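Reading through the structure tokens given below for one structure.
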Amino acid sequence: MKILRGKMYEATKEYLRGQREKHIANLEVMLSNPVGIGEHSDVVDSIVKELEQVAHYDDMLSSLRNHFQ
């Protein structure tokens, strides 16, 4: 049972890290080349939304560590 718990913990952690990194990559693109975001009329709003997602996944990773490690 501990092996399964450990695998589920690691899988969840890696999923959350991957999601966070996806949003960080989006932010890097937006900050380095905001002109390339043609479909977004409000670039700053788009950046804030991506940053909110980074914070969301950071919080989830922190909660996972604090409560289940």
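We name chains A, B, ... following the order of the structure tokens; residues begin at 1 in each chain, and ligands are numbered from 1 as shown.
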
Quick one: everything within 10 Å of Arg65 of chain A, counting only C-alpha atoms, minus sequence neighbours fewer than 5 positions away in the same chain. Send it as a tab-separated table (two decimals) with C-alpha atoms, in the first residue's frame.
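The file below, around.tsv, is the result:
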chain	number	residue	atom	x	y	z
A	9	TYR	CA	2.11	11.14	-4.63
A	13	LYS	CA	3.57	16.11	-7.88
A	59	ASP	CA	-0.16	26.54	-3.88
A	60	MET	CA	-1.26	23.03	-4.81

If we count only C-alpha atoms, what is near Gln69 of chain A at a cut-off of 12 Å, once residues fewer than 5 positions away on the same chain are taken out, given as an NGL selection string?
:A and (2 or 5-10 or 12-13 or 61-64)

Grab the residues selected above and save them as a PDB file, in the first residue's frame with C-alpha atoms.
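File written: result03.pdb
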ATOM      1  CA  LYS A   2       2.896   2.402   0.757  1.00  0.00           C
ATOM      2  CA  ARG A   5       0.734   5.818  -2.132  1.00  0.00           C
ATOM      3  CA  GLY A   6       4.265   6.872  -3.044  1.00  0.00           C
ATOM      4  CA  LYS A   7       3.636   6.409  -6.744  1.00  0.00           C
ATOM      5  CA  MET A   8       0.384   8.369  -6.590  1.00  0.00           C
ATOM      6  CA  TYR A   9       2.109  11.140  -4.627  1.00  0.00           C
ATOM      7  CA  GLU A  10       4.947  11.367  -7.155  1.00  0.00           C
ATOM      8  CA  THR A  12       0.470  14.046  -8.653  1.00  0.00           C
ATOM      9  CA  LYS A  13       3.570  16.113  -7.877  1.00  0.00           C
ATOM     10  CA  LEU A  61       2.329  21.755  -4.712  1.00  0.00           C
ATOM     11  CA  SER A  62       2.817  23.372  -1.339  1.00  0.00           C
ATOM     12  CA  SER A  63      -0.386  21.808  -0.001  1.00  0.00           C
ATOM     13  CA  LEU A  64       0.626  18.409  -1.333  1.00  0.00           C
TER      14      LEU A  64
END

In Å, how far is it from atom CA of Tyr15 of chain A to atom CA of Asp45 of chain A?
25.5 Å

Which neighbours of Val54 of chain A fall inside 8 Å, counting only C-alpha atoms, when residues of the same chain fewer than 6 positions from it are skipped, and could you give them as a list in words?
Arg20, Glu21, His23 and Ile24 of chain A

Written selection (N, CA and C atoms) as a tab-separated table (two decimals), in the first residue's frame:
chain	number	residue	atom	x	y	z
A	20	ARG	N	2.46	23.81	-13.87
A	20	ARG	CA	3.10	25.08	-13.50
A	20	ARG	C	4.11	25.49	-14.56
A	21	GLU	N	4.93	24.55	-15.02
A	21	GLU	CA	5.94	24.86	-16.03
A	21	GLU	C	5.32	25.29	-17.35
A	23	HIS	N	2.58	27.02	-17.71
A	23	HIS	CA	2.16	28.41	-17.56
A	23	HIS	C	3.36	29.35	-17.45
A	24	ILE	N	4.45	28.88	-16.86
A	24	ILE	CA	5.68	29.67	-16.83
A	24	ILE	C	6.21	29.86	-18.25
